[in-house]
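Worksheet: the structure to be examined is printed underneath.
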Amino acid sequence: MIAENTQTQMRKGILEYCVLLIISRGEIYASDIIAELKSAKLLVVEGTLYPLLTRLKNNGLLSYNWVESTSGPPRKYYELTDVGRGIVKQLDTTWQELAYAIETSKQTKK
C-alpha cells in the first residue's frame, strides 16, 4: 500500500513536466496528449488533463488555436509560449539533477 501511494505521488509530480514535453514538440490536440501519456503508462483521463491545460494556459505557459475540423466541431490545439519553453528548459535541468541524485543514491560504496 505504501509503495502504491508513493508511485501515485511520483506520477502526479511528473505529469505537468511530461505534458509540457509533449507540447514542446509542436502544436497538439488534447486527445493526442492523452494518447501519448497512456502510451507512456501515465494513465490520464480528460478530467485530469483539461484542468492542468487550463492552469498552464492561465500561467502563461501555453497558448491555443482553434482549428476547423472536417469531421466535427473546431479543435483546440495547444502550443508552448516563449515562457513555457523557458520553463521546460528549467525543468529539464531539474530532471537531470534528480536523475543523477537517484542514480548516485542507488550506487553502493565499495
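Lettering and numbering for the C-alpha cells are positional, with chains as A, B, ... in the shown order, residues counted from 1 in each chain, and ligands counted from 1 in the shown order.
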- A:Ala35 environment, 9 Å, only C-alpha atoms, sequence neighbours closer than 5 positions dropped, as a list in words: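 Counting only the stated atoms, we get Ala30, Ala40 and Val44 of chain A.
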Might you pull out every residue within 12 Å of A:Leu37, with only C-alpha atoms counted and same-chain residues fewer than 5 positions away left off, and present them as an mmCIF file with N, CA, C and O atoms, in the first residue's frame?
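out_35.cif written:
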```cif
data_model
loop_
_atom_site.group_PDB
_atom_site.id
_atom_site.type_symbol
_atom_site.label_atom_id
_atom_site.label_comp_id
_atom_site.auth_asym_id
_atom_site.auth_seq_id
_atom_site.Cartn_x
_atom_site.Cartn_y
_atom_site.Cartn_z
ATOM 1 N N ARG A 11 3.973 9.860 -10.045
ATOM 2 C CA ARG A 11 3.339 10.096 -11.357
ATOM 3 C C ARG A 11 2.689 11.475 -11.410
ATOM 4 O O ARG A 11 2.822 12.188 -12.399
ATOM 5 N N ILE A 14 5.276 14.279 -11.898
ATOM 6 C CA ILE A 14 5.924 14.492 -13.196
ATOM 7 C C ILE A 14 4.931 14.703 -14.340
ATOM 8 O O ILE A 14 5.344 14.981 -15.466
ATOM 9 N N LEU A 15 3.655 14.623 -14.055
ATOM 10 C CA LEU A 15 2.649 14.758 -15.108
ATOM 11 C C LEU A 15 2.759 16.100 -15.835
ATOM 12 O O LEU A 15 2.759 16.155 -17.061
ATOM 13 N N GLU A 16 2.845 17.184 -15.095
ATOM 14 C CA GLU A 16 2.927 18.509 -15.711
ATOM 15 C C GLU A 16 4.146 18.605 -16.620
ATOM 16 O O GLU A 16 4.062 19.108 -17.741
ATOM 17 N N TYR A 17 5.276 18.122 -16.143
ATOM 18 C CA TYR A 17 6.506 18.135 -16.944
ATOM 19 C C TYR A 17 6.322 17.324 -18.219
ATOM 20 O O TYR A 17 6.668 17.771 -19.313
ATOM 21 N N CYS A 18 5.741 16.151 -18.111
ATOM 22 C CA CYS A 18 5.514 15.301 -19.291
ATOM 23 C C CYS A 18 4.580 15.975 -20.291
ATOM 24 O O CYS A 18 4.824 15.930 -21.506
ATOM 25 N N VAL A 19 3.532 16.611 -19.807
ATOM 26 C CA VAL A 19 2.604 17.320 -20.692
ATOM 27 C C VAL A 19 3.345 18.446 -21.416
ATOM 28 O O VAL A 19 3.216 18.618 -22.635
ATOM 29 N N LEU A 20 4.151 19.202 -20.686
ATOM 30 C CA LEU A 20 4.917 20.273 -21.319
ATOM 31 C C LEU A 20 5.899 19.728 -22.352
ATOM 32 O O LEU A 20 6.079 20.318 -23.422
ATOM 33 N N LEU A 21 6.536 18.600 -22.053
ATOM 34 C CA LEU A 21 7.457 17.991 -23.018
ATOM 35 C C LEU A 21 6.736 17.576 -24.295
ATOM 36 O O LEU A 21 7.239 17.801 -25.402
ATOM 37 N N ILE A 22 5.576 16.982 -24.147
ATOM 38 C CA ILE A 22 4.803 16.560 -25.323
ATOM 39 C C ILE A 22 4.433 17.771 -26.173
ATOM 40 O O ILE A 22 4.608 17.771 -27.389
ATOM 41 N N ILE A 23 3.966 18.822 -25.533
ATOM 42 C CA ILE A 23 3.556 20.027 -26.258
ATOM 43 C C ILE A 23 4.769 20.734 -26.862
ATOM 44 O O ILE A 23 4.655 21.377 -27.912
ATOM 45 N N ALA A 30 -5.610 17.921 -27.489
ATOM 46 C CA ALA A 30 -5.661 17.320 -26.148
ATOM 47 C C ALA A 30 -5.805 15.797 -26.195
ATOM 48 O O ALA A 30 -5.160 15.088 -25.413
ATOM 49 N N SER A 31 -6.619 15.278 -27.092
ATOM 50 C CA SER A 31 -6.783 13.819 -27.181
ATOM 51 C C SER A 31 -5.476 13.128 -27.543
ATOM 52 O O SER A 31 -5.206 12.018 -27.088
ATOM 53 N N ASP A 32 -4.655 13.794 -28.348
ATOM 54 C CA ASP A 32 -3.355 13.225 -28.705
ATOM 55 C C ASP A 32 -2.402 13.242 -27.505
ATOM 56 O O ASP A 32 -1.584 12.338 -27.342
ATOM 57 N N LEU A 42 1.380 6.603 -18.225
ATOM 58 C CA LEU A 42 0.956 7.627 -17.274
ATOM 59 C C LEU A 42 -0.533 7.824 -17.514
ATOM 60 O O LEU A 42 -0.954 8.745 -18.189
ATOM 61 N N LEU A 43 -1.315 6.912 -16.984
ATOM 62 C CA LEU A 43 -2.749 6.901 -17.258
ATOM 63 C C LEU A 43 -3.384 8.213 -16.827
ATOM 64 O O LEU A 43 -3.279 8.622 -15.677
ATOM 65 N N VAL A 44 -4.006 8.870 -17.780
ATOM 66 C CA VAL A 44 -4.623 10.164 -17.537
ATOM 67 C C VAL A 44 -5.991 10.172 -18.202
ATOM 68 O O VAL A 44 -6.159 9.635 -19.289
ATOM 69 N N VAL A 45 -6.941 10.787 -17.551
ATOM 70 C CA VAL A 45 -8.274 10.947 -18.129
ATOM 71 C C VAL A 45 -8.489 12.431 -18.419
ATOM 72 O O VAL A 45 -7.766 13.288 -17.911
ATOM 73 N N GLU A 46 -9.495 12.715 -19.228
ATOM 74 C CA GLU A 46 -9.773 14.097 -19.599
ATOM 75 C C GLU A 46 -9.985 14.981 -18.373
ATOM 76 O O GLU A 46 -9.571 16.126 -18.343
ATOM 77 N N THR A 48 -8.523 14.953 -15.693
ATOM 78 C CA THR A 48 -7.237 15.329 -15.115
ATOM 79 C C THR A 48 -6.507 16.296 -16.041
ATOM 80 O O THR A 48 -5.916 17.276 -15.589
ATOM 81 N N LEU A 49 -6.544 16.022 -17.341
ATOM 82 C CA LEU A 49 -5.750 16.800 -18.283
ATOM 83 C C LEU A 49 -6.294 18.215 -18.494
ATOM 84 O O LEU A 49 -5.525 19.178 -18.477
#
```
- Just list the residues in stretch 52-82 of chain A DSSP gives helix (DSSP H, G or I) on the backbone, as a PyMOL selection string. chain A and resi 52-58+82
- Using only C-alpha atoms, pick whichever of A:Glu79, A:Glu36, A:Leu98, A:Glu4 has the shortest atom-to-atom distance to A:Trp66. A:Glu79
